[in-house]
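Working notes, beginning with the structure itself.
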Amino acid sequence: MDATRLAGKNVLITGGAQGMGAAIGKHLAAQGAKICIGDLNLDGARAAADEIIAAGGEATSVSLNVTDRESAAAAVAHTAATFGSINVLLNNAGINKPMFFLEATQQNWDAIMGVNAFGTFLCMQEAGKVMREQGKQDLPYKIVNVGSILSRDAFIDSSVYAASKHAVLGLIRAGARSLVEYNITVNGYAPGVVRTEMWEQLDKELVEMGLFEKAGTSMDTIAANSIPMGRYSYPEDIVGTAAFLVSSDSDYMTGQLIQIDGGMVMA
Ligand SMILES: NC(=O)c1ccc[n+]([C@@H]2O[C@H](COP(=O)([O-])OP(=O)(O)OC[C@H]3O[C@@H](n4cnc5c(N)ncnc54)[C@H](O)[C@@H]3O)[C@@H](O)[C@H]2O)c1
């Protein structure tokens with residue numbers, strides 16, 4: 001691994017205390033990026049930052065609720081103050097709580113849309129404003145949003161989540177067109193089925209909904225029936241594409257969402 005590939009990249013990762021966000025933080029830091037982990041779970045964010053530091057990287061942490069404008073602005077400001085500037089925002093925070101379409105409640109809609117869609121939008125706005133104020137640098141500023149297979153498809157158990165992740169794709173496109181004048185690119189990646197804490201919870205809920213018979217079987221069943229590559233993924237399958245989108249290798253790209261799903265969605 002090239003320890004200097006991402007030198008000069010000062011990155012805020014939202015929801016980076018665990019799962020994919022934490023793995024991406026470690027991977028980017030190992031290539032020279034400076035990482036601010038922002039999360040609702042501050043203890044978890046601190047632990048993730050400490051792991052990066054213990055491995056020889058540079059990191060800090062901040063309490064962040066992506067649905068709260070002041071909190072988002074403070075996390076962006078903390079990143080810029082700690083590292084001298086912010087030039088990458090990785091909008092990773094996300095939640096799901098599956099419900100069938102006709103039973104999904106307003107509370108379900110507000111919670112999922114609040115974090116996945118509005119939270120992504122708020123953080124794009126707050127980071128975008130600071131990037132605009134920082135002025136044009138030679139290399140583009142980067143916003144990387146996390147979509148899903150459900151950014152371009154839908155399952156019967158997760159209608160609101162699908163709507164929220166389609167919104168993420170819309171925000172990638174709207175942001176790309178709107179922020180290009182400030183030298184900000186907006187792209188994203190769309191994981192499929194990734195073994196993280198989110199899926200541990202989802203597995204139980206899908207059994208409660210009667211969609212799978214036994215706990216612990218959903219991921220393998222989906223892999224066998226719906227993933228052309230025949231296996232589900234781990235955060236390690238995702239980190240390389242995230243690093244590509246943060247790196248200068250993707251400087252001439254904007255408005256794109258890359259699928260990383262073993263072939264589930266061929267867009
Ligand atoms: N796991 C999958 O199979 C999968 C597939 C496709 C997309 N995704 C997306 O990838 C991203 C990461 O997923 P993961 O599986 O690592 O999830 P995870 O549940 O393991 O981690 C999500 C993190 O986000 C934080 N978070 C939640 N709400 C927040 C808020 N309001 N403000 C700040 N932080 C908040 C949580 O505390 C947690 O640390 C999410 O956007 C998710 O929707 C996951």
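The way I read the labels, and the way they are meant: chains A, B, ... in the order of the structure tokens, residue 1 as the first residue of every chain, and ligand 1 as the first ligand shown, with later ones counted on from there.
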Next item on the list: Pick out the residues no farther than 7 Å from ligand 1, counting only C-alpha atoms and all ligand atoms, and list them as a PyMOL selection string.
Entry: chain A and resi 14-21+38-41+64-67+92-96+115-116+119+146-149+190-199
Restricting the output to C-alpha atoms, write the selected residues as a tab-separated table (two decimals), in the first residue's frame.
chain	number	residue	atom	x	y	z
A	14	THR	CA	-19.86	10.60	9.24
A	15	GLY	CA	-21.06	7.55	11.17
A	16	GLY	CA	-17.48	6.30	11.31
A	17	ALA	CA	-17.54	4.70	14.76
A	18	GLN	CA	-18.18	1.19	13.45
A	19	GLY	CA	-18.91	-0.87	10.35
A	20	MET	CA	-17.85	0.37	6.95
A	21	GLY	CA	-17.08	3.91	8.11
A	38	GLY	CA	-17.93	11.91	13.51
A	39	ASP	CA	-20.67	9.83	15.09
A	40	LEU	CA	-23.69	9.92	17.42
A	41	ASN	CA	-21.73	7.36	19.42
A	64	LEU	CA	-22.06	14.31	15.37
A	65	ASN	CA	-25.74	14.05	14.70
A	66	VAL	CA	-26.09	14.41	10.93
A	67	THR	CA	-29.75	15.47	11.27
A	92	ASN	CA	-21.46	7.33	5.50
A	93	ALA	CA	-23.96	7.63	8.40
A	94	GLY	CA	-27.08	5.62	7.64
A	95	ILE	CA	-29.82	3.61	9.32
A	96	ASN	CA	-32.50	1.09	8.34
A	115	VAL	CA	-30.57	10.36	8.66
A	116	ASN	CA	-30.04	8.94	5.17
A	119	GLY	CA	-28.54	14.13	7.06
A	146	VAL	CA	-22.94	6.27	0.43
A	147	GLY	CA	-25.79	4.80	-1.57
A	148	SER	CA	-26.92	1.18	-1.71
A	149	ILE	CA	-28.28	-1.45	-4.06
A	190	ALA	CA	-23.35	1.70	-3.49
A	191	PRO	CA	-22.65	-1.40	-1.41
A	192	GLY	CA	-24.83	-4.51	-1.59
A	193	VAL	CA	-24.98	-6.86	1.39
A	194	VAL	CA	-22.13	-6.07	3.75
A	195	ARG	CA	-21.48	-7.90	7.03
A	196	THR	CA	-21.60	-5.08	9.64
A	197	GLU	CA	-23.55	-4.37	12.83
A	198	MET	CA	-26.33	-3.00	10.60
A	199	TRP	CA	-26.84	-6.43	9.03
Next item on the list: Do a neighbour search on Arg177 (chain A) at 12 Å with only C-alpha atoms, toss out local chain neighbours closer than 3 positions, and write the hits as an MDAnalysis selection string.
Entry: chainID A and resid 170:174 180:187 253:256
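Computed from the coordinates, the CA of Pro140 (chain A) to CA of Leu179 (chain A) distance equals 10.6 Å.
With only C-alpha atoms as the atoms that count, the minimum distance from Ile156 (chain A) to the choices A:Gly25, A:Pro228, A:Gly263, A:Pro98 is reached by A:Pro98.
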Item checked: Test item: residues at most 10 Å from region 49-57 of chain A, only C-alpha atoms, excluding those fewer than 2 positions along its chain, as a ChimeraX atom specification -> /A:3,16-17,22-23,25-38,43-47,59-62
Margin query: Measuring between only C-alpha atoms, which one of A:Leu122, A:Thr241, A:Gly216, A:Leu150 shows the shortest distance to Glu200 (chain A)?
Written below: A:Gly216
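For the set A:Ser85, A:Leu245, A:His78, A:Leu202, the residue with the smallest atom-to-atom gap to Thr217 (chain A) is A:Leu202, counting only C-alpha atoms.
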Next item on the list: Just the residues within 8 Å of Lys97 (chain A), please, counting only C-alpha atoms, with nothing from its chain fewer than 5 positions along; format it as number ranges by chain.
Entry: A: 108, 112, 158, 161, 202, 205
Output C-alpha atoms for every residue in that selection, as a compact mmCIF listing (two decimals), in the first residue's frame.
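part_21.txt, written as the output of this step:
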# COMPACT_ATOMS: atom_id res chain seq x y z
CA ASN A 108 -40.21 5.03 10.20
CA ILE A 112 -34.78 6.84 7.95
CA SER A 158 -37.28 -1.76 3.00
CA TYR A 161 -34.79 2.86 3.03
CA LEU A 202 -31.43 -6.46 9.97
CA GLU A 205 -35.78 -8.01 11.93
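Coordinates place CA of Leu211 (chain A) at a distance of 8.5 Å from CA of Asp157 (chain A).
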Next item on the list: Any chance you could list, as a VMD selection string, the residues in region 1-234 of chain A that come up helix (DSSP H, G or I) when DSSP is run on the backbone?
Entry: chain A and resid 19 to 30 42 to 54 69 to 83 101 to 103 106 to 134 149 to 151 159 to 182 197 to 208 218 to 226
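With only C-alpha atoms as the atoms that count, the residue of A:Phe101, A:Asp2, A:Gly230, A:Asn10 with the shortest distance to Met131 (chain A) is A:Asn10.
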Next item on the list: May I have the residues within 8 Å of Leu169 (chain A) as JSON, numbers by chain, using only C-alpha atoms and disregarding those fewer than 5 positions away in the same chain?
Entry: {"A": [147, 151, 188, 257]}
Next item on the list: One decimal, Å: what's the distance from CA of Asn225 (chain A) over to CA of Asp261 (chain A), could you say?
Entry: 13.6 Å
